[in-house]
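Novice: Pasting query.pdb here (PDB, C-alpha atoms):
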```pdb
ATOM      1  CA  MET A   1     108.791  43.007  68.622
ATOM      2  CA  ALA A   2     110.073  39.662  67.366
ATOM      3  CA  LYS A   3     111.914  39.466  64.096
ATOM      4  CA  ASN A   4     110.040  37.883  61.224
ATOM      5  CA  ARG A   5     112.105  35.052  59.757
ATOM      6  CA  VAL A   6     109.384  33.339  57.750
ATOM      7  CA  ARG A   7     110.538  31.999  54.391
ATOM      8  CA  PRO A   8     107.406  31.728  52.221
ATOM      9  CA  THR A   9     107.438  29.982  48.864
ATOM     10  CA  PHE A  10     107.006  32.263  45.854
ATOM     11  CA  GLU A  11     108.713  30.108  43.234
ATOM     12  CA  GLY A  12     108.055  31.118  39.672
ATOM     13  CA  LYS A  13     106.885  34.648  40.429
ATOM     14  CA  GLU A  14     108.583  37.519  38.636
ATOM     15  CA  TYR A  15     109.483  40.542  40.761
ATOM     16  CA  LYS A  16     109.195  43.267  38.158
ATOM     17  CA  LEU A  17     108.836  46.120  40.624
ATOM     18  CA  VAL A  18     110.070  46.844  44.114
ATOM     19  CA  LEU A  19     108.528  49.995  45.589
ATOM     20  CA  ILE A  20     109.898  51.703  48.694
ATOM     21  CA  GLY A  21     107.945  54.412  50.484
ATOM     22  CA  GLY A  22     109.065  56.510  53.400
ATOM     23  CA  SER A  23     109.108  59.827  55.172
ATOM     24  CA  THR A  24     111.003  61.188  58.167
ATOM     25  CA  GLY A  25     114.001  58.966  58.929
ATOM     26  CA  SER A  26     113.812  56.877  55.769
ATOM     27  CA  ILE A  27     116.711  58.501  53.906
ATOM     28  CA  ASP A  28     119.144  57.050  56.458
ATOM     29  CA  VAL A  29     117.761  53.574  55.743
ATOM     30  CA  LEU A  30     118.146  54.071  51.997
ATOM     31  CA  LEU A  31     121.732  55.257  52.413
ATOM     32  CA  HIS A  32     122.428  51.911  54.073
ATOM     33  CA  LEU A  33     120.434  49.874  51.551
ATOM     34  CA  LEU A  34     121.500  51.328  48.211
ATOM     35  CA  PRO A  35     125.269  50.708  48.507
ATOM     36  CA  ALA A  36     124.559  47.092  49.480
ATOM     37  CA  LEU A  37     122.377  46.214  46.480
ATOM     38  CA  LYS A  38     123.730  43.596  44.115
ATOM     39  CA  SER A  39     124.211  44.640  40.503
ATOM     40  CA  PRO A  40     122.588  44.285  38.078
ATOM     41  CA  LEU A  41     119.060  44.427  39.438
ATOM     42  CA  SER A  42     116.503  42.185  37.751
ATOM     43  CA  PHE A  43     113.697  44.596  38.679
ATOM     44  CA  ALA A  44     112.999  48.314  38.746
ATOM     45  CA  LEU A  45     113.355  49.876  42.202
ATOM     46  CA  ILE A  46     111.027  52.847  42.750
ATOM     47  CA  ILE A  47     111.453  55.173  45.738
ATOM     48  CA  VAL A  48     108.685  57.499  46.923
ATOM     49  CA  LEU A  49     109.627  59.918  49.703
ATOM     50  CA  HIS A  50     107.824  62.839  51.251
ATOM     51  CA  ARG A  51     110.002  65.677  49.970
ATOM     52  CA  LYS A  52     110.335  69.412  49.725
ATOM     53  CA  ASN A  53     111.064  71.140  46.441
ATOM     54  CA  SER A  54     114.254  72.594  47.885
ATOM     55  CA  ALA A  55     115.610  69.067  48.402
ATOM     56  CA  ASP A  56     114.934  68.017  44.820
ATOM     57  CA  SER A  57     118.232  67.620  42.954
ATOM     58  CA  PRO A  58     120.580  67.023  45.907
ATOM     59  CA  LEU A  59     118.646  63.911  46.960
ATOM     60  CA  ALA A  60     118.915  62.236  43.557
ATOM     61  CA  ASN A  61     122.603  63.154  43.429
ATOM     62  CA  LEU A  62     123.157  61.775  46.924
ATOM     63  CA  PHE A  63     121.647  58.425  45.985
ATOM     64  CA  SER A  64     123.742  58.326  42.812
ATOM     65  CA  PHE A  65     126.920  58.735  44.851
ATOM     66  CA  LYS A  66     125.953  55.787  47.048
ATOM     67  CA  THR A  67     125.461  53.140  44.371
ATOM     68  CA  SER A  68     126.893  52.044  41.038
ATOM     69  CA  LEU A  69     123.363  51.329  39.820
ATOM     70  CA  PRO A  70     121.716  53.968  37.616
ATOM     71  CA  VAL A  71     119.594  56.431  39.599
ATOM     72  CA  GLN A  72     117.035  58.532  37.770
ATOM     73  CA  GLU A  73     114.518  61.085  38.956
ATOM     74  CA  VAL A  74     111.338  60.334  37.050
ATOM     75  CA  ASP A  75     110.058  62.501  34.208
ATOM     76  CA  ASP A  76     106.571  62.170  32.768
ATOM     77  CA  LYS A  77     106.249  59.258  30.298
ATOM     78  CA  ASP A  78     109.626  57.721  31.196
ATOM     79  CA  ALA A  79     109.776  53.988  30.517
ATOM     80  CA  ILE A  80     110.120  51.677  33.524
ATOM     81  CA  VAL A  81     113.370  49.786  32.941
ATOM     82  CA  PRO A  82     114.622  46.887  35.103
ATOM     83  CA  GLY A  83     117.974  47.536  36.730
ATOM     84  CA  THR A  84     117.240  51.201  37.379
ATOM     85  CA  ILE A  85     116.522  53.024  40.655
ATOM     86  CA  TYR A  86     113.792  55.624  40.193
ATOM     87  CA  LEU A  87     113.035  58.520  42.518
ATOM     88  CA  ALA A  88     109.633  60.192  42.578
ATOM     89  CA  PRO A  89     110.030  63.940  41.971
ATOM     90  CA  ALA A  90     108.968  66.471  44.573
ATOM     91  CA  ASP A  91     105.442  67.914  44.401
ATOM     92  CA  TYR A  92     104.020  65.337  41.961
ATOM     93  CA  HIS A  93     102.138  62.100  42.477
ATOM     94  CA  LEU A  94     103.947  59.270  40.680
ATOM     95  CA  LEU A  95     101.745  56.825  38.761
ATOM     96  CA  LEU A  96     102.677  53.586  37.014
ATOM     97  CA  GLU A  97     100.867  52.767  33.790
ATOM     98  CA  GLN A  98     100.005  49.391  32.266
ATOM     99  CA  ASP A  99     102.082  50.214  29.178
ATOM    100  CA  GLY A 100     105.232  50.196  31.330
ATOM    101  CA  THR A 101     105.669  53.944  31.696
ATOM    102  CA  PHE A 102     105.423  56.509  34.477
ATOM    103  CA  SER A 103     103.099  59.474  34.589
ATOM    104  CA  LEU A 104     103.161  62.491  36.882
ATOM    105  CA  ASP A 105     100.110  64.116  38.422
ATOM    106  CA  ASP A 106      99.799  67.392  40.331
ATOM    107  CA  SER A 107      96.327  66.836  41.771
ATOM    108  CA  GLU A 108      95.453  67.411  45.437
ATOM    109  CA  LYS A 109      97.695  66.061  48.179
ATOM    110  CA  VAL A 110      96.842  62.682  49.694
ATOM    111  CA  ASN A 111      97.644  62.206  53.388
ATOM    112  CA  TYR A 112      98.992  65.767  53.269
ATOM    113  CA  SER A 113     101.631  64.559  50.809
ATOM    114  CA  ARG A 114     102.571  64.922  47.156
ATOM    115  CA  PRO A 115     104.050  62.577  46.162
ATOM    116  CA  SER A 116     101.817  60.219  48.103
ATOM    117  CA  ILE A 117     103.032  56.702  48.775
ATOM    118  CA  ASP A 118      99.449  55.419  48.646
ATOM    119  CA  VAL A 119      98.913  56.825  45.155
ATOM    120  CA  THR A 120     102.041  55.187  43.743
ATOM    121  CA  PHE A 121     101.506  51.851  45.481
ATOM    122  CA  GLU A 122      97.866  51.665  44.375
ATOM    123  CA  SER A 123      98.697  52.442  40.749
ATOM    124  CA  ALA A 124     101.478  49.831  40.761
ATOM    125  CA  ALA A 125      99.107  47.216  42.154
ATOM    126  CA  ASP A 126      96.534  48.041  39.487
ATOM    127  CA  ALA A 127      99.056  47.938  36.632
ATOM    128  CA  PHE A 128     101.355  45.073  37.660
ATOM    129  CA  GLY A 129      99.428  42.977  40.191
ATOM    130  CA  PRO A 130     101.305  40.125  41.878
ATOM    131  CA  SER A 131     104.728  41.124  40.514
ATOM    132  CA  VAL A 132     104.904  44.085  42.937
ATOM    133  CA  THR A 133     106.692  44.173  46.287
ATOM    134  CA  GLY A 134     105.856  47.142  48.515
ATOM    135  CA  ILE A 135     108.201  48.243  51.326
ATOM    136  CA  LEU A 136     107.316  50.906  53.903
ATOM    137  CA  LEU A 137     110.001  52.636  55.965
ATOM    138  CA  SER A 138     110.207  55.197  58.757
ATOM    139  CA  GLY A 139     107.694  58.044  58.845
ATOM    140  CA  ALA A 140     105.279  60.070  60.922
ATOM    141  CA  ASN A 141     101.907  59.583  59.205
ATOM    142  CA  SER A 142      99.804  56.731  57.834
ATOM    143  CA  ASP A 143     100.586  57.246  54.134
ATOM    144  CA  GLY A 144     101.372  53.903  52.525
ATOM    145  CA  THR A 145      99.021  51.629  54.446
ATOM    146  CA  GLN A 146      96.186  51.806  51.915
ATOM    147  CA  GLY A 147      98.659  51.341  49.096
ATOM    148  CA  LEU A 148     100.081  48.240  50.735
ATOM    149  CA  LYS A 149      96.566  46.851  51.115
ATOM    150  CA  ALA A 150      96.045  47.322  47.376
ATOM    151  CA  ILE A 151      99.303  45.484  46.630
ATOM    152  CA  LYS A 152      98.244  42.664  48.953
ATOM    153  CA  LYS A 153      94.840  42.387  47.275
ATOM    154  CA  ALA A 154      96.581  42.164  43.897
ATOM    155  CA  GLY A 155      98.783  39.299  45.130
ATOM    156  CA  GLY A 156     101.993  41.194  45.870
ATOM    157  CA  ILE A 157     104.287  41.097  48.892
ATOM    158  CA  LEU A 158     104.302  43.577  51.779
ATOM    159  CA  VAL A 159     107.276  44.572  53.924
ATOM    160  CA  ALA A 160     107.492  47.035  56.818
ATOM    161  CA  GLN A 161     110.547  48.253  58.671
ATOM    162  CA  ARG A 162     110.583  47.102  62.277
ATOM    163  CA  PRO A 163     109.180  50.130  64.113
ATOM    164  CA  ASP A 164     111.739  49.906  66.913
ATOM    165  CA  THR A 165     114.536  50.310  64.335
ATOM    166  CA  ALA A 166     112.928  53.330  62.642
ATOM    167  CA  GLN A 167     113.700  56.924  63.489
ATOM    168  CA  VAL A 168     109.926  57.454  63.493
ATOM    169  CA  GLY A 169     108.033  54.186  63.889
ATOM    170  CA  PHE A 170     104.479  55.428  63.318
ATOM    171  CA  MET A 171     104.297  54.791  59.563
ATOM    172  CA  PRO A 172     105.480  51.160  59.570
ATOM    173  CA  GLN A 173     103.467  50.477  62.721
ATOM    174  CA  GLN A 174     100.278  51.625  60.988
ATOM    175  CA  ALA A 175     101.053  49.296  58.112
ATOM    176  CA  ILE A 176     101.634  46.370  60.455
ATOM    177  CA  LEU A 177      98.331  47.039  62.203
ATOM    178  CA  GLY A 178      96.290  47.608  59.056
ATOM    179  CA  ALA A 179      97.761  45.898  56.010
ATOM    180  CA  ALA A 180      98.583  42.223  56.797
ATOM    181  CA  VAL A 181     102.305  42.767  56.244
ATOM    182  CA  ASP A 182     104.250  39.659  55.194
ATOM    183  CA  HIS A 183     107.626  40.649  56.654
ATOM    184  CA  ILE A 184     108.717  42.987  59.463
ATOM    185  CA  LEU A 185     112.441  43.586  59.017
ATOM    186  CA  ASP A 186     115.307  45.510  60.526
ATOM    187  CA  ILE A 187     117.645  47.359  58.198
ATOM    188  CA  GLN A 188     120.136  44.543  57.615
ATOM    189  CA  GLU A 189     117.333  42.044  57.033
ATOM    190  CA  LEU A 190     115.840  44.458  54.530
ATOM    191  CA  VAL A 191     119.116  44.493  52.590
ATOM    192  CA  SER A 192     119.125  40.679  52.475
ATOM    193  CA  PHE A 193     115.476  40.595  51.464
ATOM    194  CA  VAL A 194     115.854  42.981  48.528
ATOM    195  CA  ASN A 195     118.978  41.218  47.318
ATOM    196  CA  GLY A 196     117.036  37.958  47.564
ATOM    197  CA  LEU A 197     114.398  39.332  45.230
ATOM    198  CA  ASN A 198     117.177  39.828  42.707
ATOM    199  CA  ALA A 199     117.561  36.054  42.506
ATOM    200  CA  THR A 200     114.704  33.576  42.807
ATOM    201  CA  GLY A 201     112.392  35.211  45.306
ATOM    202  CA  PRO A 202     112.238  36.679  48.802
ATOM    203  CA  ALA A 203     114.390  35.152  51.494
ATOM    204  CA  ILE A 204     115.018  36.179  55.078
ATOM    205  CA  PRO A 205     118.463  35.181  56.376
TER
END
```
Give the structure from this file in structure tokens form.
Specialist:
Amino acid sequence: MAKNRVRPTFEGKEYKLVLIGGSTGSIDVLLHLLPALKSPLSFALIIVLHRKNSADSPLANLFSFKTSLPVQEVDDKDAIVPGTIYLAPADYHLLLEQDGTFSLDDSEKVNYSRPSIDVTFESAADAFGPSVTGILLSGANSDGTQGLKAIKKAGGILVAQRPDTAQVGFMPQQAILGAAVDHILDIQELVSFVNGLNATGPAIP
């Protein structure tokens, strides 16, 4: 699959939220991305991973060790603060509210998952519209595709990991097939892209 090196114009748009969703194989990508992020971030970075309860605290601690940026596992009603990396807690859906706070929900699983990437992405699109960038990483099911479509409809930007660089390419491939993704990036391109959002807008090197 060819690399996407399109440089669209998004001058004047504020990137208040960058959401990253993933499942199997995505932690390795994040461990490459997080240490490379420029500080301070001008946006909030929100990570939604398919997780087990037993992996709860060690994952947040692991991310904290890999970056100088603040990493926080979300509690109900936490404020969304730019410059912070947020991690969705295990066994709750993570919602973003229009008043700039998070809420947690323990309703039925979506795509066999709680937290569900779709649920978070859709709520972000509803609350923050075109200021949202959604990124989908490695994984083995189709969670995230509907959420990306909601972000696209609201005017946001969609990114998928190049499937041939993912440990499990099914999840980003489903997004590419079904969600009109703007950028298909390998891991190093993803680092450059996210750091570009921290300045004036998205840029692919």
Novice: Find the distance between atom CA of Val194 of chain A and atom CA of Val29 of chain A and write it in Å to one decimal.
Specialist: 13.0 Å
Novice: Between atom CA of Leu30 of chain A and atom CA of Gln98 of chain A, measure the distance and give it in Å to one decimal.
Specialist: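 Computing the Euclidean distance for atom CA of Leu30 of chain A and atom CA of Gln98 of chain A yields 27.2 Å.
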Novice: Identify, on the basis of all atoms listed in the file, every residue whose closest approach to Asp28 of chain A does not exceed 10 Å; exclude the query and any residue fewer than 2 positions from it along the same chain; express the result as a list in words.
Specialist: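 Once the nearby chain positions are removed, what remains is Thr24, Gly25, Ser26, Leu30, Leu31, His32, Leu33, Ser138, Ala166, Gln167 and Ile187 of chain A.
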Novice: Using only C-alpha atoms for the distances, tell me which of A:Asp99, A:Asp186, A:Asp76, A:Glu108 is nearest to Pro163 of chain A.
Specialist: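 Closest to Pro163 of chain A of all the choices is A:Asp186.
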Novice: Which centre and which edge lengths, in Å to one decimal, describe the axis-aligned box that holds all listed atoms of segment 194-199 of chain A after 5 Å is added on each side, as JSON?
Specialist:
```
{"center_x": 116.7, "center_y": 39.5, "center_z": 45.5, "size_x": 14.6, "size_y": 16.9, "size_z": 16.0}
```
